[in-house]
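S.K.: What follows is data-v8.txt, made up of compact mmCIF, C-alpha atoms:
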# COMPACT_ATOMS: atom_id res chain seq x y z
CA MET A 24 -28.51 9.89 12.74
CA THR A 25 -25.19 8.33 13.70
CA THR A 26 -23.44 5.37 12.12
CA ASN A 27 -21.20 2.72 13.56
CA ALA A 28 -17.73 3.01 12.03
CA SER A 29 -17.02 -0.63 12.81
CA ALA A 30 -19.87 -1.67 10.52
CA GLU A 31 -17.86 -0.87 7.41
CA ALA A 32 -17.02 -3.80 5.17
CA PRO A 33 -13.38 -4.89 5.51
CA LEU A 34 -10.74 -4.46 2.84
CA HIS A 35 -11.10 -7.48 0.54
CA ILE A 36 -8.09 -8.65 -1.46
CA ALA A 37 -7.71 -11.97 -3.27
CA GLY A 38 -10.45 -13.71 -1.33
CA LYS A 39 -9.37 -12.53 2.13
CA ASP A 40 -10.74 -9.80 4.38
CA TYR A 41 -8.54 -7.36 6.27
CA GLN A 42 -9.70 -5.11 9.08
CA SER A 43 -6.63 -2.89 8.76
CA ARG A 44 -6.14 -0.73 5.69
CA LEU A 45 -2.47 -0.16 6.44
CA ILE A 46 0.26 -2.33 4.93
CA ILE A 47 3.85 -1.93 6.09
CA GLY A 48 7.19 -3.12 4.80
CA SER A 49 10.18 -5.02 6.16
CA GLY A 50 13.16 -3.00 4.96
CA LYS A 51 15.47 -0.53 6.75
CA TYR A 52 14.67 -1.65 10.30
CA LYS A 53 17.60 -2.25 12.63
CA ASP A 54 16.51 -5.86 13.10
CA PHE A 55 13.56 -8.23 12.73
CA GLU A 56 12.43 -7.56 16.31
CA GLU A 57 12.01 -3.83 15.69
CA ASN A 58 10.10 -4.66 12.51
CA LEU A 59 7.77 -6.94 14.48
CA ALA A 60 7.22 -4.31 17.17
CA ALA A 61 6.29 -1.73 14.53
CA LEU A 62 4.04 -4.23 12.77
CA GLU A 63 2.18 -5.02 15.97
CA MET A 64 1.78 -1.34 16.85
CA SER A 65 0.57 -0.47 13.35
CA GLY A 66 -2.29 -2.95 13.50
CA ALA A 67 -1.40 -4.04 9.95
CA GLU A 68 -2.26 -7.58 8.92
CA MET A 69 -0.09 -7.65 5.80
CA ILE A 70 3.64 -7.07 5.48
CA THR A 71 5.50 -6.75 2.21
CA VAL A 72 8.90 -8.40 1.83
CA ALA A 73 11.55 -7.81 -0.85
CA ILE A 74 12.55 -11.30 -1.94
CA ARG A 75 15.90 -10.08 -3.23
CA ARG A 76 16.81 -8.37 0.05
CA VAL A 77 15.15 -10.17 2.94
CA ASN A 78 15.73 -13.82 3.77
CA LEU A 79 12.63 -16.00 3.74
CA GLY A 80 14.61 -19.22 3.69
CA GLN A 81 16.45 -18.84 0.40
CA ASN A 82 19.71 -18.22 2.33
CA LYS A 83 20.07 -21.25 4.59
CA ASP A 84 22.92 -19.77 6.62
CA GLU A 85 21.01 -16.62 7.59
CA ARG A 86 18.19 -15.98 10.00
CA SER A 87 14.79 -15.91 8.31
CA LEU A 88 12.23 -13.16 8.78
CA LEU A 89 9.62 -15.91 9.15
CA GLU A 90 11.25 -16.98 12.41
CA VAL A 91 10.11 -13.66 13.92
CA ILE A 92 7.06 -12.63 11.88
CA SER A 93 4.75 -15.60 11.55
CA PRO A 94 2.95 -16.24 8.24
CA ASP A 95 0.25 -17.90 10.35
CA LYS A 96 -0.59 -14.52 11.88
CA TYR A 97 0.28 -12.10 9.09
CA THR A 98 -0.12 -12.17 5.32
CA ILE A 99 3.34 -12.15 3.79
CA LEU A 100 3.35 -10.10 0.59
CA PRO A 101 6.47 -10.93 -1.46
CA ASN A 102 7.54 -8.07 -3.69
CA THR A 103 9.86 -7.70 -6.65
CA ALA A 104 11.79 -4.65 -5.40
CA GLY A 105 15.05 -4.32 -7.27
CA CYS A 106 13.72 -5.77 -10.52
CA TYR A 107 14.19 -3.72 -13.68
CA THR A 108 12.74 -6.09 -16.29
CA ALA A 109 9.56 -8.09 -16.61
CA ASP A 110 11.55 -11.32 -16.80
CA ASP A 111 13.34 -10.62 -13.51
CA ALA A 112 10.07 -9.76 -11.79
CA VAL A 113 8.33 -12.92 -13.02
CA ARG A 114 11.31 -15.05 -11.97
CA THR A 115 11.31 -13.46 -8.49
CA CYS A 116 7.59 -14.08 -8.00
CA ARG A 117 7.98 -17.72 -8.97
CA MET A 118 10.84 -18.07 -6.48
CA ALA A 119 8.62 -16.56 -3.78
CA ARG A 120 5.88 -19.06 -4.62
CA GLU A 121 8.33 -21.92 -4.10
CA LEU A 122 9.69 -20.48 -0.83
CA LEU A 123 6.19 -19.93 0.57
CA ASP A 124 4.66 -23.26 -0.41
CA GLY A 125 2.51 -22.14 -3.32
CA HIS A 126 1.69 -18.66 -2.02
CA LYS A 127 0.00 -16.75 -4.88
CA LEU A 128 -0.33 -13.19 -3.58
CA VAL A 129 2.54 -10.95 -4.73
CA LYS A 130 3.36 -7.29 -5.08
CA LEU A 131 4.69 -6.53 -8.54
CA GLU A 132 7.03 -3.63 -9.08
CA VAL A 133 9.31 -3.18 -12.08
CA LEU A 134 11.50 -0.12 -11.78
CA GLY A 135 12.76 2.17 -14.52
CA ASP A 136 16.05 3.36 -13.04
CA GLN A 137 17.96 3.44 -9.77
CA LYS A 138 17.81 7.20 -9.30
CA THR A 139 14.05 7.85 -9.40
CA LEU A 140 12.73 4.33 -8.75
CA TYR A 141 9.77 5.25 -10.91
CA PRO A 142 7.91 2.27 -12.35
CA ASN A 143 8.74 1.08 -15.83
CA VAL A 144 5.17 0.95 -17.06
CA THR A 145 5.87 -1.07 -20.21
CA GLU A 146 7.68 -3.81 -18.31
CA THR A 147 5.10 -3.71 -15.51
CA LEU A 148 2.27 -4.37 -17.97
CA ALA A 149 4.19 -7.24 -19.55
CA ALA A 150 4.99 -8.83 -16.19
CA ALA A 151 1.41 -8.43 -14.96
CA GLU A 152 0.05 -10.29 -17.99
CA VAL A 153 2.43 -13.22 -17.46
CA LEU A 154 1.87 -13.45 -13.71
CA VAL A 155 -1.94 -13.27 -13.90
CA ALA A 156 -1.93 -15.95 -16.60
CA ASP A 157 0.31 -18.05 -14.34
CA GLY A 158 -2.24 -17.95 -11.51
CA PHE A 159 -0.76 -15.24 -9.30
CA ASP A 160 -2.86 -12.71 -7.41
CA VAL A 161 -1.05 -9.51 -8.35
CA MET A 162 -1.02 -6.28 -6.39
CA VAL A 163 0.82 -3.87 -8.67
CA TYR A 164 2.90 -0.74 -8.05
CA THR A 165 2.50 1.74 -10.87
CA SER A 166 2.51 5.40 -11.86
CA ASP A 167 -0.41 7.69 -11.12
CA ASP A 168 -1.59 7.50 -14.74
CA PRO A 169 -5.34 6.72 -14.70
CA LEU A 170 -5.21 4.93 -18.07
CA ILE A 171 -2.40 2.61 -16.98
CA ALA A 172 -4.15 1.92 -13.69
CA LYS A 173 -7.29 0.88 -15.55
CA ARG A 174 -5.32 -1.31 -17.94
CA LEU A 175 -3.70 -3.15 -15.03
CA GLU A 176 -7.15 -3.75 -13.56
CA GLU A 177 -8.33 -5.09 -16.93
CA ILE A 178 -5.37 -7.48 -17.05
CA GLY A 179 -6.63 -8.97 -13.79
CA CYS A 180 -4.56 -7.42 -11.00
CA VAL A 181 -6.34 -7.75 -7.64
CA ALA A 182 -5.21 -4.30 -6.44
CA VAL A 183 -3.63 -1.30 -8.16
CA MET A 184 -1.07 0.70 -6.19
CA PRO A 185 -0.26 4.13 -7.66
CA LEU A 186 2.64 6.04 -6.16
CA GLY A 187 1.98 9.11 -4.07
CA ALA A 188 5.56 10.28 -4.69
CA PRO A 189 8.88 8.56 -5.44
CA ILE A 190 9.77 5.57 -3.25
CA GLY A 191 11.40 6.63 0.01
CA SER A 192 11.05 10.35 -0.73
CA GLY A 193 8.57 11.22 2.02
CA LEU A 194 7.11 13.94 -0.19
CA GLY A 195 3.50 12.97 0.42
CA ILE A 196 0.68 12.85 -2.14
CA ARG A 197 2.02 15.01 -4.97
CA ASN A 198 -0.84 14.57 -7.43
CA PRO A 199 -4.14 14.03 -5.61
CA HIS A 200 -6.06 14.89 -8.78
CA ASN A 201 -4.71 11.84 -10.62
CA ILE A 202 -5.30 9.59 -7.63
CA LYS A 203 -8.92 10.75 -7.59
CA LEU A 204 -9.27 10.02 -11.31
CA ILE A 205 -7.95 6.50 -10.71
CA LEU A 206 -10.40 6.01 -7.84
CA ASP A 207 -13.36 7.21 -9.87
CA ASN A 208 -12.82 4.49 -12.48
CA ALA A 209 -11.65 1.58 -10.33
CA GLN A 210 -13.41 -1.69 -9.59
CA VAL A 211 -10.52 -3.12 -7.53
CA PRO A 212 -8.88 -1.76 -4.36
CA ILE A 213 -6.65 1.27 -4.91
CA ILE A 214 -3.79 1.49 -2.42
CA VAL A 215 -1.34 4.38 -2.36
CA ASP A 216 2.17 2.94 -2.42
CA ALA A 217 5.30 5.06 -1.91
CA GLY A 218 5.89 8.66 -0.93
CA VAL A 219 4.20 8.82 2.46
CA GLY A 220 6.40 10.66 4.97
CA THR A 221 4.22 11.30 7.99
CA ALA A 222 0.77 10.70 9.40
CA SER A 223 -0.93 13.59 7.59
CA ASP A 224 0.15 12.13 4.23
CA ALA A 225 -1.55 8.84 5.08
CA ALA A 226 -4.68 10.67 6.19
CA ILE A 227 -4.83 12.62 2.93
CA ALA A 228 -4.59 9.42 0.89
CA MET A 229 -7.47 7.91 2.82
CA GLU A 230 -9.55 11.10 2.68
CA LEU A 231 -9.32 10.93 -1.11
CA GLY A 232 -11.08 7.57 -0.92
CA CYS A 233 -8.15 5.19 -1.26
CA ASP A 234 -8.78 1.70 0.06
CA GLY A 235 -5.46 1.55 1.87
CA VAL A 236 -1.90 2.81 2.18
CA LEU A 237 1.37 0.90 1.92
CA MET A 238 4.50 2.36 3.48
CA ASN A 239 7.94 1.34 4.64
CA THR A 240 10.48 4.16 4.93
CA ALA A 241 8.11 6.54 6.73
CA ILE A 242 8.00 4.13 9.65
CA ALA A 243 11.40 2.44 9.44
CA GLU A 244 13.39 5.69 9.21
CA ALA A 245 11.41 7.57 11.85
CA GLY A 246 13.23 8.52 15.04
CA ASP A 247 11.02 6.03 16.85
CA PRO A 248 9.57 3.55 14.34
CA VAL A 249 7.20 1.96 16.84
CA VAL A 250 5.61 5.27 17.83
CA MET A 251 5.39 6.30 14.16
CA ALA A 252 3.66 3.00 13.40
CA SER A 253 1.06 3.92 16.00
CA ALA A 254 0.62 7.36 14.41
CA MET A 255 0.16 5.82 10.98
CA ARG A 256 -2.47 3.44 12.27
CA LYS A 257 -4.48 6.32 13.68
CA ALA A 258 -4.01 8.44 10.55
CA VAL A 259 -5.30 5.72 8.24
CA GLU A 260 -8.30 5.10 10.47
CA ALA A 261 -9.09 8.82 10.82
CA GLY A 262 -8.69 9.47 7.10
CA ARG A 263 -10.99 6.60 6.25
CA GLU A 264 -13.66 7.77 8.69
CA ALA A 265 -13.42 11.31 7.32
CA PHE A 266 -13.91 10.01 3.78
CA ARG A 267 -16.87 7.87 4.78
CA SER A 268 -18.53 10.66 6.74
CA GLY A 269 -18.34 13.12 3.82
CA ARG A 270 -16.50 16.37 4.38
CA MET A 271 -18.21 19.76 4.37
CA PRO A 272 -18.13 21.67 1.06
CA ARG A 273 -15.33 24.14 0.42
CA ARG A 274 -16.59 27.72 0.22
CA LEU A 275 -15.06 30.89 -1.16
CA TYR A 276 -16.54 33.01 1.63
CA ALA A 277 -17.07 32.54 5.34
CA SER A 278 -20.16 30.81 6.72
CA ALA A 279 -21.19 31.55 10.30
CA SER A 280 -20.99 28.59 12.65
CA SER A 281 -24.14 29.75 14.45
CA PRO A 282 -27.15 30.72 12.29
CA ILE A 283 -28.62 34.16 12.90
CA ASP A 284 -32.14 33.42 11.66
CA GLY A 285 -34.69 33.94 14.45
CA THR A 286 -32.41 35.92 16.75
CA PHE A 287 -33.87 38.91 18.63
CA PHE A 288 -31.04 41.40 18.11
Let me see the file written as structure tokens.
M.R.:
Amino acid sequence: MTTNASAEAPLHIAGKDYQSRLIIGSGKYKDFEENLAALEMSGAEMITVAIRRVNLGQNKDERSLLEVISPDKYTILPNTAGCYTADDAVRTCRMARELLDGHKLVKLEVLGDQKTLYPNVTETLAAAEVLVADGFDVMVYTSDDPLIAKRLEEIGCVAVMPLGAPIGSGLGIRNPHNIKLILDNAQVPIIVDAGVGTASDAAIAMELGCDGVLMNTAIAEAGDPVVMASAMRKAVEAGREAFRSGRMPRRLYASASSPIDGTFF
């Protein structure tokens, strides 16, 4: 019996359905036009934007990203990149809400230090509690600790986004066991955020059962970002189909591809 891959339910986040399970960023591209070209090639419907680094209208004398990438076509996901305290992250999200006319969906990240860019879990939890209480729909970047991931879900975050590896490292999924533990206990979408370097990394994340993958550097710093965006689109789709189909069991010993029962010699 065959199934129709297109029949799968879409990714549902904060009351909206997405056909694509890939989310890309808006940093490190040579210009907004290259970012748009990669976005279109990726098939992504959501793009994350660092409020502290990319102009969405807060700098009146600079060109705005929204002049090139339309919020009518794509979901703009403001993020708190560059924030190291809960207070800074909350303040940044509130500024994004003002800039985007009451937009509630945000990506929360509170970093621990500039060298590792690992999440500061204590400050992340504190910021998540304030933002959820303030009416935000919070997608949250965090460590790959299953207990912290569950706590963020309990606070009311609409998606939990454990790192695959440090931001911008391209090291791939370093701890698939922890990601699987997070997935086994989750009731909200789990989206790997950070660490993806190439298409096989994205496929692995999806094969584990993740609901999506968010990436920026892997595409933006590729030799050809637009072609890499295409590769990532295919990898996410292939990984998701492989997960849904159910892989064969791993075996210690070989198993013949053609059965020998009933043969004449």
S.K.: CA of Val215 (chain A) to CA of Val236 (chain A): how many Å, to one decimal?
M.R.: 4.8 Å
S.K.: From the list A:Val250, A:Met255, A:Val133, A:Leu62, which residue is nearest Gly48 (chain A) when using all atoms listed in the file?
M.R.: A:Leu62
S.K.: Mind checking which residues fall within 7 Å of region 174-177 of chain A, counting all atoms listed in the file, ignoring those fewer than 4 positions away in the same chain, and posting them as JSON, numbers by chain?
M.R.: {"A": [148, 170, 183, 211]}
S.K.: Just to confirm, what's the straight-line distance from CA of Leu34 (chain A) to CA of Asn58 (chain A) in Å (one decimal)?
M.R.: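 Answer for the CA of Leu34 (chain A) to CA of Asn58 (chain A) separation: 23.0 Å.
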S.K.: So which one's closest to Ala156 (chain A), A:Ile190, A:Ile70, A:Ala261, A:Val113? Using all atoms listed in the file, please.
M.R.: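 Closest residue, counting all atoms listed in the file: A:Val113.
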S.K.: List as a VMD selection string: which residues have an atom within 9 Å of (-7.5, 7.4, -5.4), counting only C-alpha atoms?
M.R.: chain A and resid 185 199 to 207 209 213 to 215 228 to 229 231 to 234
S.K.: Counting all atoms listed in the file, which residue out of A:Gly262, A:Gly50, A:Gly66, A:Gly135 sits closest to Ala222 (chain A)?
M.R.: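 Smallest separation from Ala222 (chain A) among the options: A:Gly262.
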S.K.: With all atoms listed in the file as the atoms that count, which of A:Leu128, A:Ala149, A:Leu134, A:Val155 lies nearest to Thr71 (chain A)?
M.R.: A:Leu128
S.K.: In Å to one decimal, how far is CA of Ile242 (chain A) from CA of Arg86 (chain A)?
M.R.: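 Going from CA of Arg86 (chain A) over to CA of Ile242 (chain A) covers 22.5 Å.
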S.K.: Could you check the closest approach to Cys180 (chain A) for each of A:Gly269, A:Glu121, A:Ala37, A:Gln42 and tell me which residue wins, using all atoms listed in the file?
M.R.: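 Of all the options, A:Ala37 lies closest to Cys180 (chain A).
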S.K.: Counting all atoms listed in the file, which residues come within 10 Å of (21.9, -11.4, -5.7), with the point read in the file's coordinates, and could you list them as a ChimeraX atom specification?
M.R.: /A:75-76,105
S.K.: When you count all atoms listed in the file, which of these residues is closest to Val181 (chain A): A:Pro212, A:Pro248, A:Gly125, A:Pro33?
M.R.: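 Checking each candidate against Val181 (chain A), we get A:Pro212 as the closest.
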S.K.: What's the 8 Å shell around Lys51 (chain A), counting all atoms listed in the file, without same-chain residues fewer than 4 positions away, as a PyMOL selection string?
M.R.: chain A and resi 240+243-244
S.K.: Reconstruct all heavy atoms of region 38-49 of chain A from the incomplete input and present them as a CSV table (one decimal), in the frame of the given file.
M.R.:
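out-v7.csv was written with the following content:
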chain,number,residue,atom,x,y,z
A,38,GLY,N,-9.7,-12.7,-2.1
A,38,GLY,CA,-10.4,-13.7,-1.3
A,38,GLY,C,-10.3,-13.6,0.2
A,38,GLY,O,-10.8,-14.5,0.9
A,39,LYS,N,-9.6,-12.6,0.7
A,39,LYS,CA,-9.4,-12.5,2.1
A,39,LYS,C,-9.8,-11.1,2.6
A,39,LYS,O,-9.5,-10.1,1.9
A,39,LYS,CB,-7.9,-12.8,2.5
A,39,LYS,CG,-7.6,-12.9,4.0
A,39,LYS,CD,-6.2,-13.4,4.3
A,39,LYS,CE,-6.0,-13.4,5.8
A,39,LYS,NZ,-4.6,-13.9,6.1
A,40,ASP,N,-10.3,-11.1,3.8
A,40,ASP,CA,-10.7,-9.8,4.4
A,40,ASP,C,-9.7,-9.3,5.4
A,40,ASP,O,-9.1,-10.1,6.2
A,40,ASP,CB,-12.1,-10.0,5.1
A,40,ASP,CG,-13.2,-10.2,4.2
A,40,ASP,OD1,-13.1,-9.8,3.0
A,40,ASP,OD2,-14.3,-10.7,4.6
A,41,TYR,N,-9.5,-8.0,5.4
A,41,TYR,CA,-8.5,-7.4,6.3
A,41,TYR,C,-9.2,-6.2,7.0
A,41,TYR,O,-9.9,-5.4,6.3
A,41,TYR,CB,-7.3,-6.8,5.5
A,41,TYR,CG,-6.5,-7.9,4.8
A,41,TYR,CD1,-6.8,-8.3,3.5
A,41,TYR,CD2,-5.5,-8.5,5.5
A,41,TYR,CE1,-6.1,-9.3,2.9
A,41,TYR,CE2,-4.8,-9.6,4.8
A,41,TYR,CZ,-5.1,-9.9,3.5
A,41,TYR,OH,-4.4,-10.9,2.9
A,42,GLN,N,-9.1,-6.2,8.3
A,42,GLN,CA,-9.7,-5.1,9.1
A,42,GLN,C,-8.8,-3.9,9.0
A,42,GLN,O,-9.4,-2.7,9.0
A,42,GLN,CB,-9.9,-5.5,10.5
A,42,GLN,CG,-10.8,-6.7,10.8
A,42,GLN,CD,-12.1,-6.6,10.1
A,42,GLN,OE1,-12.8,-5.5,10.3
A,42,GLN,NE2,-12.6,-7.6,9.5
A,43,SER,N,-7.5,-4.0,8.9
A,43,SER,CA,-6.6,-2.9,8.8
A,43,SER,C,-6.5,-2.5,7.3
A,43,SER,O,-6.4,-3.4,6.4
A,43,SER,CB,-5.3,-3.2,9.4
A,43,SER,OG,-4.3,-2.2,9.1
A,44,ARG,N,-6.4,-1.2,7.0
A,44,ARG,CA,-6.1,-0.7,5.7
A,44,ARG,C,-4.7,-0.2,5.5
A,44,ARG,O,-4.4,0.5,4.6
A,44,ARG,CB,-7.2,0.3,5.3
A,44,ARG,CG,-8.6,-0.3,5.2
A,44,ARG,CD,-9.7,0.8,5.0
A,44,ARG,NE,-11.0,0.1,4.9
A,44,ARG,CZ,-11.5,-0.3,3.8
A,44,ARG,NH1,-10.8,-0.1,2.6
A,44,ARG,NH2,-12.6,-0.9,3.7
A,45,LEU,N,-3.9,-0.5,6.5
A,45,LEU,CA,-2.5,-0.2,6.4
A,45,LEU,C,-1.6,-1.4,6.2
A,45,LEU,O,-1.8,-2.4,6.8
A,45,LEU,CB,-2.1,0.5,7.8
A,45,LEU,CG,-0.6,0.8,8.0
A,45,LEU,CD1,-0.1,1.8,7.0
A,45,LEU,CD2,-0.4,1.4,9.4
A,46,ILE,N,-0.7,-1.3,5.2
A,46,ILE,CA,0.3,-2.3,4.9
A,46,ILE,C,1.6,-1.7,5.2
A,46,ILE,O,1.9,-0.6,4.7
A,46,ILE,CB,0.1,-2.8,3.5
A,46,ILE,CG1,-1.3,-3.3,3.2
A,46,ILE,CG2,1.1,-3.9,3.2
A,46,ILE,CD1,-1.6,-3.5,1.7
A,47,ILE,N,2.5,-2.5,5.9
A,47,ILE,CA,3.8,-1.9,6.1
A,47,ILE,C,4.9,-2.9,5.5
A,47,ILE,O,4.6,-4.0,5.1
A,47,ILE,CB,4.1,-1.7,7.6
A,47,ILE,CG1,4.4,-3.0,8.3
A,47,ILE,CG2,3.0,-0.9,8.2
A,47,ILE,CD1,5.1,-2.7,9.7
A,48,GLY,N,6.1,-2.4,5.4
A,48,GLY,CA,7.2,-3.1,4.8
A,48,GLY,C,8.1,-3.7,5.8
A,48,GLY,O,7.9,-3.7,7.0
A,49,SER,N,9.2,-4.3,5.3
A,49,SER,CA,10.2,-5.0,6.2
A,49,SER,C,11.6,-4.6,5.9
A,49,SER,O,12.5,-5.3,6.3
A,49,SER,CB,10.0,-6.5,5.9
A,49,SER,OG,10.2,-6.9,4.6
